file work_39.txt (compact mmCIF, C-alpha atoms (C1' of nucleotides))
# COMPACT_ATOMS: atom_id res chain seq x y z
CA MET A 1023 -64.29 35.05 -65.12
CA THR A 1024 -67.89 36.02 -64.48
CA THR A 1025 -70.65 33.78 -63.27
CA LEU A 1026 -74.29 33.85 -64.23
CA PHE A 1027 -75.06 35.51 -60.92
CA GLN A 1028 -72.56 38.34 -61.20
CA LYS A 1029 -73.97 41.57 -62.57
CA GLN A 1030 -71.70 43.62 -64.80
CA ALA A 1031 -71.82 47.33 -63.99
CA LYS A 1032 -72.91 49.39 -66.99
CA THR A 1033 -72.49 53.12 -67.42
CA LEU A 1034 -75.28 55.23 -68.81
CA THR A 1035 -74.54 58.78 -69.98
CA ILE A 1036 -77.24 61.42 -70.20
CA ALA A 1037 -76.79 64.89 -71.69
CA SER A 1038 -79.05 67.94 -71.65
CA TRP A 1039 -78.65 70.85 -74.05
CA ASN A 1040 -80.64 73.94 -74.89
CA VAL A 1041 -79.76 74.05 -78.60
CA ASN A 1042 -81.58 77.29 -79.51
CA SER A 1043 -83.18 75.83 -82.69
CA VAL A 1044 -82.51 72.18 -83.54
CA ARG A 1045 -82.44 72.88 -87.28
CA ALA A 1046 -79.99 75.80 -87.01
CA ARG A 1047 -77.83 73.65 -84.72
CA LEU A 1048 -77.70 70.45 -86.80
CA PRO A 1049 -74.04 70.66 -87.95
CA VAL A 1050 -72.72 71.34 -84.42
CA LEU A 1051 -75.19 68.95 -82.77
CA GLU A 1052 -74.50 66.08 -85.15
CA SER A 1053 -70.72 66.24 -84.77
CA TRP A 1054 -71.09 66.59 -80.99
CA LEU A 1055 -73.26 63.46 -80.84
CA ARG A 1056 -70.76 61.51 -82.95
CA LEU A 1057 -67.92 62.59 -80.67
CA HIS A 1058 -69.57 62.02 -77.27
CA ASN A 1059 -72.15 59.38 -78.16
CA PRO A 1060 -74.33 59.84 -75.05
CA ASP A 1061 -77.04 57.21 -74.44
CA VAL A 1062 -79.79 59.74 -73.80
CA VAL A 1063 -80.00 63.40 -74.85
CA CYS A 1064 -82.53 65.97 -73.67
CA LEU A 1065 -82.92 68.94 -76.03
CA GLN A 1066 -84.63 72.26 -75.33
CA GLU A 1067 -85.68 75.14 -77.57
CA THR A 1068 -85.98 73.03 -80.70
CA LYS A 1069 -88.15 75.82 -82.19
CA CYS A 1070 -90.02 73.64 -84.67
CA GLU A 1071 -93.19 71.66 -85.13
CA ASP A 1072 -93.10 67.86 -84.80
CA LYS A 1073 -93.40 67.45 -88.59
CA ASN A 1074 -90.19 69.45 -89.10
CA PHE A 1075 -88.12 67.67 -86.43
CA PRO A 1076 -85.07 66.03 -88.10
CA THR A 1077 -85.88 62.50 -86.90
CA GLU A 1078 -83.85 60.82 -89.68
CA VAL A 1079 -80.63 62.65 -88.76
CA PHE A 1080 -80.86 61.19 -85.25
CA SER A 1081 -82.00 57.71 -86.30
CA ASP A 1082 -78.94 57.55 -88.60
CA LEU A 1083 -76.87 58.13 -85.44
CA GLY A 1084 -78.68 55.31 -83.62
CA TYR A 1085 -81.21 57.37 -81.65
CA ASN A 1086 -84.92 56.98 -81.17
CA SER A 1087 -86.48 60.41 -80.79
CA ALA A 1088 -89.52 61.85 -79.05
CA HIS A 1089 -90.38 65.47 -79.76
CA PHE A 1090 -92.94 67.91 -78.42
CA GLY A 1091 -92.74 71.10 -80.40
CA GLN A 1092 -94.58 74.12 -81.69
CA LYS A 1093 -93.97 76.73 -84.35
CA THR A 1094 -91.23 79.33 -83.74
CA PHE A 1095 -90.81 79.03 -79.95
CA ASN A 1096 -90.00 76.49 -77.24
CA GLY A 1097 -90.03 72.78 -78.11
CA VAL A 1098 -88.38 69.89 -76.23
CA ALA A 1099 -87.12 66.46 -77.24
CA ILE A 1100 -85.53 63.29 -75.90
CA LEU A 1101 -83.12 61.17 -77.96
CA SER A 1102 -82.38 57.66 -76.72
CA LYS A 1103 -80.24 54.73 -77.87
CA PHE A 1104 -82.75 52.55 -76.00
CA PRO A 1105 -86.41 52.24 -77.02
CA PHE A 1106 -89.07 54.26 -75.21
CA ASP A 1107 -91.49 52.35 -72.99
CA GLU A 1108 -93.64 55.42 -72.44
CA ILE A 1109 -93.75 59.05 -73.57
CA VAL A 1110 -95.59 61.86 -71.78
CA ARG A 1111 -95.99 65.24 -73.47
CA ASP A 1112 -96.68 68.26 -71.25
CA ILE A 1113 -96.94 68.36 -67.47
CA PRO A 1114 -100.07 66.35 -66.59
CA ASN A 1115 -102.97 68.47 -65.33
CA LEU A 1116 -101.48 71.66 -66.74
CA GLU A 1117 -103.67 73.35 -69.32
CA HIS A 1118 -101.72 73.14 -72.56
CA ASP A 1119 -100.19 76.36 -73.71
CA GLN A 1120 -96.52 76.05 -74.62
CA ALA A 1121 -94.42 73.01 -75.58
CA ARG A 1122 -91.95 72.95 -72.68
CA TYR A 1123 -92.02 69.45 -71.16
CA ILE A 1124 -91.57 65.89 -72.40
CA GLU A 1125 -90.93 62.82 -70.30
CA ALA A 1126 -89.98 59.26 -71.23
CA GLY A 1127 -89.75 55.90 -69.50
CA ILE A 1128 -86.74 53.97 -70.79
CA SER A 1129 -85.38 50.50 -70.06
CA ALA A 1130 -81.63 49.96 -70.33
CA PHE A 1131 -79.64 46.92 -69.27
CA GLY A 1132 -82.79 45.48 -67.72
CA GLN A 1133 -83.45 48.54 -65.56
CA TYR A 1134 -86.19 51.15 -65.85
CA PHE A 1135 -85.62 54.86 -65.47
CA ARG A 1136 -87.49 58.07 -66.24
CA VAL A 1137 -86.06 61.13 -68.01
CA ALA A 1138 -87.69 64.52 -68.52
CA SER A 1139 -86.58 67.33 -70.84
CA ILE A 1140 -87.77 70.67 -69.49
CA TYR A 1141 -87.69 74.24 -70.77
CA VAL A 1142 -88.84 76.50 -67.95
CA PRO A 1143 -90.15 79.91 -69.13
CA ASN A 1144 -87.53 82.66 -69.09
CA GLY A 1145 -89.80 85.17 -67.36
CA GLN A 1146 -88.38 88.20 -69.22
CA GLU A 1147 -88.50 90.65 -66.32
CA VAL A 1148 -89.32 90.44 -62.61
CA GLY A 1149 -92.93 91.49 -62.07
CA SER A 1150 -94.03 91.00 -65.70
CA ASP A 1151 -96.86 88.75 -66.90
CA LYS A 1152 -94.24 86.33 -68.22
CA TYR A 1153 -92.63 86.27 -64.76
CA ASP A 1154 -95.95 85.31 -63.15
CA TYR A 1155 -96.35 82.58 -65.77
CA LYS A 1156 -92.85 81.30 -64.94
CA LEU A 1157 -93.65 81.02 -61.23
CA LYS A 1158 -96.97 79.28 -61.98
CA TYR A 1159 -95.17 76.89 -64.31
CA LEU A 1160 -92.59 76.08 -61.64
CA GLU A 1161 -95.36 75.31 -59.13
CA ALA A 1162 -97.02 72.92 -61.62
CA LEU A 1163 -93.63 71.29 -62.18
CA ARG A 1164 -93.11 70.96 -58.42
CA LEU A 1165 -96.46 69.21 -57.96
CA HIS A 1166 -95.68 66.80 -60.80
CA MET A 1167 -92.20 66.04 -59.46
CA GLN A 1168 -93.66 65.53 -56.00
CA HIS A 1169 -96.15 63.04 -57.43
CA LEU A 1170 -93.42 61.14 -59.31
CA LEU A 1171 -91.33 60.80 -56.12
CA SER A 1172 -93.95 58.35 -54.86
CA TYR A 1173 -93.04 56.02 -57.76
CA ASP A 1174 -89.62 55.54 -56.12
CA GLU A 1175 -87.86 55.25 -59.51
CA MET A 1176 -84.57 56.33 -60.98
CA ALA A 1177 -85.64 59.65 -62.48
CA LEU A 1178 -83.72 62.57 -63.99
CA PHE A 1179 -85.30 65.99 -64.63
CA CYS A 1180 -83.01 67.67 -67.13
CA GLY A 1181 -83.22 71.03 -68.78
CA ASP A 1182 -83.03 74.77 -68.91
CA TYR A 1183 -84.63 75.88 -65.63
CA ASN A 1184 -83.79 79.54 -66.34
CA ILE A 1185 -82.76 79.95 -62.68
CA ALA A 1186 -79.29 80.46 -61.20
CA PRO A 1187 -79.81 78.74 -57.82
CA THR A 1188 -77.32 80.86 -55.82
CA ASP A 1189 -74.99 83.84 -56.24
CA ASN A 1190 -72.15 81.34 -56.74
CA ASP A 1191 -73.79 80.42 -60.04
CA VAL A 1192 -73.51 83.97 -61.40
CA TYR A 1193 -70.41 85.75 -62.76
CA ASP A 1194 -71.40 89.11 -61.29
CA PRO A 1195 -73.99 88.67 -58.52
CA ALA A 1196 -74.17 92.40 -57.80
CA SER A 1197 -75.30 93.32 -61.33
CA TRP A 1198 -77.78 90.38 -61.34
CA HIS A 1199 -79.18 91.10 -57.86
CA GLU A 1200 -82.95 90.38 -57.90
CA LYS A 1201 -82.89 90.38 -61.72
CA ILE A 1202 -84.59 87.76 -63.87
CA LEU A 1203 -82.98 84.29 -63.45
CA CYS A 1204 -81.73 85.35 -59.99
CA SER A 1205 -84.70 86.78 -58.07
CA THR A 1206 -85.59 85.39 -54.65
CA PRO A 1207 -89.00 83.93 -55.69
CA GLU A 1208 -87.36 82.07 -58.59
CA ARG A 1209 -84.61 80.74 -56.34
CA LYS A 1210 -87.19 79.67 -53.75
CA ALA A 1211 -89.13 77.83 -56.48
CA PHE A 1212 -85.95 76.00 -57.51
CA ALA A 1213 -85.07 75.19 -53.89
CA ALA A 1214 -88.59 73.80 -53.45
CA LEU A 1215 -87.72 71.17 -56.10
CA THR A 1216 -84.55 70.06 -54.32
CA HIS A 1217 -86.35 70.17 -50.97
CA LEU A 1218 -88.70 67.50 -52.29
CA GLY A 1219 -85.69 65.17 -52.23
CA TYR A 1220 -84.12 65.69 -55.64
CA THR A 1221 -80.38 66.36 -56.00
CA ASP A 1222 -79.01 69.22 -58.12
CA ILE A 1223 -76.23 67.11 -59.62
CA LEU A 1224 -74.12 69.93 -61.13
CA GLY A 1225 -74.39 71.81 -57.85
CA PHE A 1226 -71.65 69.52 -56.49
CA VAL A 1227 -69.11 70.53 -59.14
CA ALA A 1228 -66.54 73.12 -58.03
CA PRO A 1229 -66.21 75.79 -59.16
CA PRO A 1230 -69.87 75.97 -60.27
CA PRO A 1231 -69.85 75.37 -64.03
CA TYR A 1232 -71.68 78.03 -66.03
CA THR A 1233 -74.03 76.65 -68.69
CA TRP A 1234 -75.19 79.82 -70.47
CA TRP A 1235 -73.36 82.86 -71.81
CA ASP A 1236 -75.28 85.66 -73.53
CA TYR A 1237 -74.56 85.98 -77.26
CA ARG A 1238 -74.16 89.69 -76.71
CA ALA A 1239 -71.21 91.77 -75.47
CA GLY A 1240 -68.65 88.96 -75.90
CA SER A 1241 -69.91 87.29 -72.72
CA PHE A 1242 -68.37 83.90 -73.48
CA GLN A 1243 -64.91 85.29 -74.21
CA LYS A 1244 -65.06 87.08 -70.85
CA ASN A 1245 -66.59 83.98 -69.16
CA GLN A 1246 -69.55 86.05 -68.04
CA GLY A 1247 -71.90 83.11 -67.58
CA LEU A 1248 -74.64 81.71 -65.38
CA ARG A 1249 -75.47 78.18 -64.26
CA ILE A 1250 -79.12 77.84 -65.30
CA ASP A 1251 -79.25 74.36 -66.89
CA HIS A 1252 -79.67 71.62 -64.32
CA ILE A 1253 -80.10 67.90 -63.81
CA LEU A 1254 -82.24 67.01 -60.80
CA ALA A 1255 -81.96 63.37 -59.77
CA SER A 1256 -84.38 61.30 -57.67
CA PRO A 1257 -82.87 59.52 -54.64
CA LYS A 1258 -82.54 56.24 -56.55
CA ALA A 1259 -80.88 57.99 -59.49
CA SER A 1260 -78.53 60.16 -57.40
CA ASP A 1261 -77.29 56.99 -55.64
CA ARG A 1262 -76.01 55.86 -59.06
CA VAL A 1263 -74.41 59.13 -60.20
CA LEU A 1264 -70.70 59.07 -61.00
CA PHE A 1265 -69.93 62.57 -59.76
CA ASN A 1266 -66.44 62.72 -61.29
CA GLU A 1267 -68.01 62.21 -64.73
CA THR A 1268 -70.53 64.99 -64.23
CA LYS A 1269 -69.64 68.10 -66.19
CA VAL A 1270 -70.50 70.91 -68.58
CA ASP A 1271 -68.92 70.72 -72.04
CA LYS A 1272 -67.87 74.36 -72.20
CA ASP A 1273 -65.68 73.81 -75.29
CA VAL A 1274 -68.59 73.41 -77.69
CA ARG A 1275 -69.94 76.83 -76.69
CA GLY A 1276 -66.90 78.42 -78.35
CA LEU A 1277 -67.51 76.86 -81.77
CA GLU A 1278 -68.89 78.74 -84.77
CA LYS A 1279 -72.68 78.63 -84.99
CA SER A 1280 -73.09 77.14 -81.51
CA SER A 1281 -75.93 77.58 -79.05
CA ASP A 1282 -75.68 80.18 -76.28
CA HIS A 1283 -75.98 77.21 -73.85
CA ALA A 1284 -73.45 74.42 -73.29
CA PRO A 1285 -74.47 70.77 -72.76
CA VAL A 1286 -74.56 69.32 -69.24
CA ILE A 1287 -73.57 65.67 -68.90
CA VAL A 1288 -74.13 63.10 -66.18
CA ALA A 1289 -73.15 59.42 -65.96
CA LEU A 1290 -74.93 56.76 -63.94
CA THR A 1291 -73.71 53.29 -63.06
CA LEU A 1292 -76.46 50.72 -63.49
C1' DA R 513 -81.43 103.51 -68.54
C1' DT R 514 -79.62 100.97 -72.55
C1' DG R 515 -77.15 98.13 -75.75
C1' DG R 516 -75.01 94.20 -77.31
C1' DT R 517 -76.32 88.93 -80.83
C1' DA R 518 -79.00 85.13 -82.55
C1' DG R 519 -83.16 82.54 -84.37
C1' DG R 520 -87.53 82.44 -86.53
C1' DC R 521 -90.42 84.97 -89.15
C1' DT R 522 -92.30 89.22 -90.53
C1' DC R 523 -90.86 94.15 -90.55
C1' DC R 524 -91.09 92.23 -84.44
C1' DC R 525 -90.89 88.88 -80.70
C1' DT R 526 -88.25 86.00 -77.53
C1' DA R 527 -84.21 85.10 -75.28

call {"tool": "encode", "arguments": {"input": "work_39.txt", "output": "structure tokens"}}
result
Amino acid sequence: MTTLFQKQAKTLTIASWNVNSVRARLPVLESWLRLHNPDVVCLQETKCEDKNFPTEVFSDLGYNSAHFGQKTFNGVAILSKFPFDEIVRDIPNLEHDQARYIEAGISAFGQYFRVASIYVPNGQEVGSDKYDYKLKYLEALRLHMQHLLSYDEMALFCGDYNIAPTDNDVYDPASWHEKILCSTPERKAFAALTHLGYTDILGFVAPPPYTWWDYRAGSFQKNQGLRIDHILASPKASDRVLFNETKVDKDVRGLEKSSDHAPVIVALTL
DNA sequence: ATGGTAGGCTCCCTA
């Protein structure tokens, strides 16, 4: 028997998945959404313009969608069972170049929270122009996340950060030593985000769950993976995280025509 | 030092 004054705890599930082309991934993505039915989904590498985003497929599954895309490369989206109160495309005060960041304010069960879907540049090779761009991008992201901390909200920054935070997140640390995704400046840039006060939610799972396996050389079959997809939670959000329901859905990576990344999933109690 | 696969799109780039 509940009273008017008793609040019922609700669980909110949020998933993040680099799908490596939303249109190529539709069969796998659609069946995965039907099976897991997460409340909010952050997608990266949609690889299409807004006009080609399959909005109807997701609305048929009960999702509102917000997409920020471009032709051929990059592209990020947020799907939500709850309506969007606010949508921000691109990191504010960053000169627009590539579609890699979208953020939404969402109200669920009478509570407001913020979710961002992020696709950090890969960087290609340490010392390259693309590597410099990656580090600049991470600094702009840090400044934005620092600013948002002052809002004191529940906030989740989900996506493909293209950084393995420690050697524990790499199948063969010796062969990846100071290579792209693992170099010290990249790791310092990632640590700078957690040092702001955000929690790397998957970092508490043991053993560290890999989220990406190269398509090449049978990496998945040999479990030669890296943990590069992350969910960073603000203090108010991390207080609500159900850590035993935090995971990577490795199974879907083994399906035919799947992405080279697996989805990461977190649950919050509201 | 290089190759291996996948996606989008053009005979190559990004990952």

call {"tool": "axis_aligned_box", "arguments": {"input": "work_39.txt", "around": "region 513-525 of chain R", "padding_each_side": "5 Å", "output": "lines of an AutoDock Vina configuration file"}}
result
center_x = -83.7
center_y = 93.0
center_z = -79.5
size_x = 27.3
size_y = 31.1
size_z = 32.0

call {"tool": "atom_distance", "arguments": {"input": "work_39.txt", "atom1": "CA of Ala1037 (chain A)", "atom2": "CA of Lys1103 (chain A)"}}
result
12.4 Å

call {"tool": "residues_around", "arguments": {"input": "work_39.txt", "residues": "region 518-520 of chain R", "least_positions_apart": "2", "cutoff": "12 Å", "atoms": "all atoms listed in the file", "output": "number ranges by chain"}}
result
A: 1041-1047, 1067-1070, 1092-1096, 1236-1238, 1279-1282; R: 516, 522, 524-527

call {"tool": "atom_distance", "arguments": {"input": "work_39.txt", "atom1": "CA of Lys1032 (chain A)", "atom2": "CA of Leu1290 (chain A)"}}
result
8.2 Å

call {"tool": "closest_residue", "arguments": {"input": "work_39.txt", "among": "A:Lys1152, A:Lys1073, A:Arg1164, A:Arg1111", "to": "chain R", "atoms": "all atoms listed in the file"}}
result
A:Lys1152

call {"tool": "closest_residue", "arguments": {"input": "work_39.txt", "among": "A:Ala1130, A:Leu1292, A:Leu1160, A:Ile1124", "to": "Cys1180 (chain A)", "atoms": "all atoms listed in the file"}}
result
A:Ile1124

call {"tool": "atom_distance", "arguments": {"input": "work_39.txt", "atom1": "CA of Glu1108 (chain A)", "atom2": "CA of Ile1128 (chain A)"}}
result
7.2 Å

call {"tool": "residues_around", "arguments": {"input": "work_39.txt", "residues": "region 1246-1262 of chain A", "least_positions_apart": "2", "cutoff": "9 Å", "atoms": "only C-alpha atoms (C1' of nucleotides)", "output": "PyMOL selection string"}}
result
chain A and resi 1038-1040+1135+1171+1174-1187+1190-1194+1203+1215-1216+1219-1225+1230-1236+1240-1244+1264+1283-1292

call {"tool": "closest_residue", "arguments": {"input": "work_39.txt", "among": "A:Asp1112, A:Ser1129, A:Thr1035, A:Ala1239", "to": "chain R", "atoms": "only C-alpha atoms (C1' of nucleotides)"}}
result
A:Ala1239

call {"tool": "decode", "arguments": {"input": "work_39.txt", "residues": "region 1053-1110 of chain A", "atoms": "C-alpha atoms", "output": "JSON list (two decimals), in the first residue's frame"}}
result
[["chain", "number", "residue", "atom", "x", "y", "z"],
["A", 1053, "SER", "CA", 16.24, -6.10, -33.16],
["A", 1054, "TRP", "CA", 18.60, -5.03, -30.36],
["A", 1055, "LEU", "CA", 16.29, -2.15, -29.40],
["A", 1056, "ARG", "CA", 13.26, -4.46, -29.40],
["A", 1057, "LEU", "CA", 15.09, -6.94, -27.16],
["A", 1058, "HIS", "CA", 16.61, -4.51, -24.63],
["A", 1059, "ASN", "CA", 14.19, -1.59, -24.89],
["A", 1060, "PRO", "CA", 16.48, 1.01, -23.26],
["A", 1061, "ASP", "CA", 14.89, 4.37, -22.34],
["A", 1062, "VAL", "CA", 17.65, 6.45, -23.91],
["A", 1063, "VAL", "CA", 20.17, 5.48, -26.60],
["A", 1064, "CYS", "CA", 23.22, 7.46, -27.69],
["A", 1065, "LEU", "CA", 24.49, 6.57, -31.17],
["A", 1066, "GLN", "CA", 27.82, 7.48, -32.75],
["A", 1067, "GLU", "CA", 29.14, 7.26, -36.30],
["A", 1068, "THR", "CA", 25.73, 7.42, -37.93],
["A", 1069, "LYS", "CA", 27.49, 8.44, -41.18],
["A", 1070, "CYS", "CA", 24.53, 10.23, -42.74],
["A", 1071, "GLU", "CA", 22.97, 13.63, -43.15],
["A", 1072, "ASP", "CA", 19.96, 14.59, -41.02],
["A", 1073, "LYS", "CA", 17.61, 14.17, -44.01],
["A", 1074, "ASN", "CA", 18.67, 10.52, -44.38],
["A", 1075, "PHE", "CA", 18.39, 9.60, -40.69],
["A", 1076, "PRO", "CA", 15.80, 6.78, -40.30],
["A", 1077, "THR", "CA", 13.57, 8.71, -37.86],
["A", 1078, "GLU", "CA", 10.46, 6.63, -38.68],
["A", 1079, "VAL", "CA", 12.15, 3.32, -37.80],
["A", 1080, "PHE", "CA", 12.83, 4.66, -34.31],
["A", 1081, "SER", "CA", 9.47, 6.40, -33.83],
["A", 1082, "ASP", "CA", 7.78, 3.07, -34.67],
["A", 1083, "LEU", "CA", 9.74, 1.64, -31.72],
["A", 1084, "GLY", "CA", 8.55, 4.46, -29.44],
["A", 1085, "TYR", "CA", 11.60, 6.73, -29.63],
["A", 1086, "ASN", "CA", 11.93, 10.43, -30.21],
["A", 1087, "SER", "CA", 15.17, 11.11, -32.05],
["A", 1088, "ALA", "CA", 17.63, 13.98, -32.29],
["A", 1089, "HIS", "CA", 20.37, 13.70, -34.89],
["A", 1090, "PHE", "CA", 23.41, 15.78, -35.79],
["A", 1091, "GLY", "CA", 25.00, 14.35, -38.88],
["A", 1092, "GLN", "CA", 27.02, 15.04, -41.97],
["A", 1093, "LYS", "CA", 27.72, 13.24, -45.22],
["A", 1094, "THR", "CA", 29.92, 10.11, -45.11],
["A", 1095, "PHE", "CA", 31.67, 10.59, -41.74],
["A", 1096, "ASN", "CA", 30.91, 11.06, -38.04],
["A", 1097, "GLY", "CA", 27.34, 11.86, -36.97],
["A", 1098, "VAL", "CA", 25.75, 11.43, -33.52],
["A", 1099, "ALA", "CA", 22.21, 10.91, -32.28],
["A", 1100, "ILE", "CA", 20.11, 10.51, -29.16],
["A", 1101, "LEU", "CA", 16.97, 8.34, -29.05],
["A", 1102, "SER", "CA", 14.61, 8.80, -26.11],
["A", 1103, "LYS", "CA", 11.32, 7.29, -24.95],
["A", 1104, "PHE", "CA", 10.76, 10.62, -23.17],
["A", 1105, "PRO", "CA", 10.35, 13.93, -25.00],
["A", 1106, "PHE", "CA", 13.30, 16.30, -25.34],
["A", 1107, "ASP", "CA", 13.14, 19.55, -23.37],
["A", 1108, "GLU", "CA", 16.24, 20.91, -25.08],
["A", 1109, "ILE", "CA", 18.68, 19.84, -27.79],
["A", 1110, "VAL", "CA", 22.19, 21.23, -28.27]]
